[in-house]
Amino acid sequence: MSNKTTVFTTLAASNHSKRQREQNDYYATEPKAMHLLLEKENFSNLILEPACGEGHLSKVLMEYGYDVISEDLIDRGYGGVRDFFERSAWLGDIITNPPYKIALEFLKHALNIIPAGNKVAMFLKIQFLEGKLRKKFFEANPPKVIYVSSSRLNCAKNGRFDKYTSSAVCYAWFIFEKGHEGKTTIEWIN
């Protein structure tokens, strides 16, 4: 492996890693990430978690008293099995850690199916801010707030927090409010 590849792999700046990604892009979110978000942000009482995995985020939302509908394309023993892209409408807010390889499509669909004024919260790598296609999308649909994790939070491949105990990746919560036209605020959550 070249020095350049080693540096990019170490920084999680590219997909040069020799490790194979999980086939369905299942990287469970550390529940602490949801606790930190809920210290900063309020949501409607009705929440859809369309990539629920094993329920790591949904369970925290329910602890806080939210009514949560949990679904996933793959049956992981929690929530219902449903393709998010088959949903044509949702009356509440949407909170999820989407499959990263289709995160922009997830975000576009989420904003398309909620009413004006409702929110979409996506837990994503900070690098989600990069890219010409996403820039165009952000210019037309600016996030209302981005909550950057100043200390690393963990997303564990296949929900294996026992095996993946730390992360070299910087994550953030991207909060969109349908119809928001102002500037994006950046805050830190930990």
# chains A, B, ... in the order shown; residues from 1 in each chain; ligands from 1
>>> residues_around(residues="A:Lys32", least_positions_apart="6", cutoff="10 Å", atoms="only C-alpha atoms", output="ChimeraX atom specification")
/A:38,56-57,60,153-154
>>> residues_around(residues="A:Arg76", least_positions_apart="4", cutoff="9 Å", atoms="only C-alpha atoms", output="short mmCIF file (atom, residue, chain, number, x, y, z; two decimals) with all heavy atoms, in the first residue's frame")
data_model
loop_
_atom_site.label_atom_id
_atom_site.label_comp_id
_atom_site.auth_asym_id
_atom_site.auth_seq_id
_atom_site.Cartn_x
_atom_site.Cartn_y
_atom_site.Cartn_z
N CYS A 52 -33.87 1.87 10.28
CA CYS A 52 -33.77 1.66 11.73
C CYS A 52 -32.75 0.62 12.16
O CYS A 52 -32.36 0.59 13.33
CB CYS A 52 -35.13 1.33 12.32
SG CYS A 52 -35.76 -0.31 11.90
N GLY A 53 -32.33 -0.25 11.27
CA GLY A 53 -31.38 -1.29 11.69
C GLY A 53 -31.94 -2.08 12.85
O GLY A 53 -33.03 -2.64 12.79
N GLU A 54 -31.20 -2.09 13.94
CA GLU A 54 -31.62 -2.81 15.14
C GLU A 54 -32.28 -1.89 16.16
O GLU A 54 -32.47 -2.27 17.31
CB GLU A 54 -30.41 -3.51 15.77
CG GLU A 54 -29.82 -4.59 14.86
CD GLU A 54 -28.52 -5.14 15.40
OE1 GLU A 54 -28.58 -5.96 16.33
OE2 GLU A 54 -27.46 -4.72 14.89
N GLY A 55 -32.60 -0.66 15.76
CA GLY A 55 -33.36 0.25 16.61
C GLY A 55 -32.55 1.14 17.53
O GLY A 55 -33.10 1.70 18.47
N ASP A 72 -37.07 -0.65 7.99
CA ASP A 72 -35.80 -0.85 7.30
C ASP A 72 -36.06 -1.72 6.08
O ASP A 72 -37.00 -2.52 6.08
CB ASP A 72 -34.77 -1.51 8.22
CG ASP A 72 -33.34 -1.24 7.80
OD1 ASP A 72 -32.98 -1.51 6.63
OD2 ASP A 72 -32.56 -0.77 8.64
N VAL A 81 -40.47 -4.09 7.91
CA VAL A 81 -39.67 -4.18 6.68
C VAL A 81 -40.40 -3.40 5.59
O VAL A 81 -41.54 -3.73 5.24
CB VAL A 81 -39.44 -5.65 6.26
CG1 VAL A 81 -38.69 -5.71 4.94
CG2 VAL A 81 -38.71 -6.41 7.35
#
>>> closest_residue(among="A:Leu61, A:Val148, A:Ala121, A:Leu107", to="A:Cys170", atoms="only C-alpha atoms")
A:Val148
>>> atom_distance(atom1="atom CA of A:Pro98", atom2="atom CA of A:Gly182")
24.8 Å
>>> select_by_dssp(residues="stretch 91-140 of chain A", states="strand (DSSP E or B)", output="list in words")
Asp93, Ile94, Ile95, Thr96, Lys119, Val120, Ala121, Met122, Phe123, Leu124 and Lys125 of chain A
>>> residues_around(residues="stretch 91-95 of chain A", least_positions_apart="6", cutoff="12 Å", atoms="only C-alpha atoms", output="PyMOL selection string")
chain A and resi 29+33-34+37-38+41-52+55-58+60-61+66-71+84+106-124+173-178
>>> residues_around(residues="A:Gln127", least_positions_apart="2", cutoff="12 Å", atoms="only C-alpha atoms", output="ChimeraX atom specification")
/A:11-14,100,103,123-125,129-131,134-135,148,169-174
>>> write_last_selection(atoms="N, CA, C and O atoms", output="short mmCIF file (atom, residue, chain, number, x, y, z; two decimals), in the first residue's frame")
data_model
loop_
_atom_site.label_atom_id
_atom_site.label_comp_id
_atom_site.auth_asym_id
_atom_site.auth_seq_id
_atom_site.Cartn_x
_atom_site.Cartn_y
_atom_site.Cartn_z
N LEU A 11 -7.28 8.57 7.48
CA LEU A 11 -8.16 9.72 7.68
C LEU A 11 -9.61 9.45 7.28
O LEU A 11 -10.46 10.31 7.43
N ALA A 12 -9.87 8.25 6.79
CA ALA A 12 -11.20 7.90 6.29
C ALA A 12 -11.64 8.89 5.22
O ALA A 12 -12.79 9.26 5.11
N ALA A 13 -10.67 9.35 4.42
CA ALA A 13 -10.94 10.37 3.42
C ALA A 13 -11.31 9.79 2.07
O ALA A 13 -11.60 10.51 1.14
N SER A 14 -11.25 8.49 1.95
CA SER A 14 -11.61 7.88 0.68
C SER A 14 -12.04 6.44 0.93
O SER A 14 -12.05 5.98 2.06
N TYR A 100 -25.08 5.40 3.49
CA TYR A 100 -24.31 6.54 3.00
C TYR A 100 -24.23 6.60 1.48
O TYR A 100 -24.27 7.67 0.90
N ALA A 103 -27.29 8.40 0.47
CA ALA A 103 -27.75 9.40 1.45
C ALA A 103 -28.44 10.59 0.80
O ALA A 103 -29.47 11.06 1.29
N PHE A 123 -27.95 11.70 10.19
CA PHE A 123 -26.63 11.54 10.80
C PHE A 123 -25.68 11.09 9.70
O PHE A 123 -25.81 9.99 9.16
N LEU A 124 -24.73 11.97 9.36
CA LEU A 124 -23.87 11.73 8.20
C LEU A 124 -22.43 12.15 8.49
O LEU A 124 -22.17 12.95 9.39
N LYS A 125 -21.54 11.64 7.68
CA LYS A 125 -20.15 12.09 7.75
C LYS A 125 -20.10 13.57 7.40
O LYS A 125 -20.87 14.05 6.57
N LEU A 129 -20.83 17.39 3.15
CA LEU A 129 -20.87 18.76 2.67
C LEU A 129 -20.16 18.93 1.34
O LEU A 129 -20.39 19.90 0.62
N GLU A 130 -19.28 17.99 1.00
CA GLU A 130 -18.51 18.08 -0.24
C GLU A 130 -19.31 17.57 -1.43
O GLU A 130 -20.25 16.81 -1.27
N GLY A 131 -18.86 17.96 -2.61
CA GLY A 131 -19.41 17.41 -3.84
C GLY A 131 -20.25 18.43 -4.60
O GLY A 131 -21.04 19.16 -4.01
N ARG A 134 -24.13 17.72 -4.42
CA ARG A 134 -24.69 18.09 -3.11
C ARG A 134 -24.67 19.60 -2.93
O ARG A 134 -25.58 20.18 -2.34
N LYS A 135 -23.63 20.29 -3.45
CA LYS A 135 -23.60 21.75 -3.35
C LYS A 135 -24.84 22.35 -4.01
O LYS A 135 -25.49 23.22 -3.43
N VAL A 148 -22.17 19.53 14.55
CA VAL A 148 -20.93 18.79 14.36
C VAL A 148 -20.53 18.14 15.67
O VAL A 148 -20.56 18.77 16.73
N VAL A 169 -13.77 8.83 11.98
CA VAL A 169 -14.64 9.60 11.10
C VAL A 169 -15.36 10.68 11.91
O VAL A 169 -15.85 10.41 13.01
N CYS A 170 -15.45 11.88 11.35
CA CYS A 170 -16.20 12.96 11.98
C CYS A 170 -17.63 12.93 11.46
O CYS A 170 -17.85 12.95 10.24
N TYR A 171 -18.58 12.89 12.37
CA TYR A 171 -20.00 12.87 12.01
C TYR A 171 -20.68 14.15 12.43
O TYR A 171 -20.22 14.87 13.32
N ALA A 172 -21.83 14.39 11.80
CA ALA A 172 -22.65 15.55 12.14
C ALA A 172 -24.11 15.20 11.91
O ALA A 172 -24.44 14.33 11.10
N TRP A 173 -24.98 15.88 12.64
CA TRP A 173 -26.41 15.81 12.38
C TRP A 173 -26.76 16.96 11.44
O TRP A 173 -26.50 18.13 11.75
N PHE A 174 -27.33 16.64 10.29
CA PHE A 174 -27.78 17.63 9.32
C PHE A 174 -29.29 17.78 9.51
O PHE A 174 -30.04 16.81 9.31
#
>>> closest_residue(among="A:Lys59, A:Tyr64, A:Ile189, A:Gly179", to="A:Gly79", atoms="only C-alpha atoms")
A:Lys59
>>> select_by_dssp(residues="stretch 82-163 of chain A", states="alpha helix (DSSP H)", output="PyMOL selection string")
chain A and resi 103-113+132-140
>>> closest_residue(among="A:Tyr78, A:Trp188, A:Phe137, A:Phe85", to="A:Ser151", atoms="only C-alpha atoms")
A:Trp188
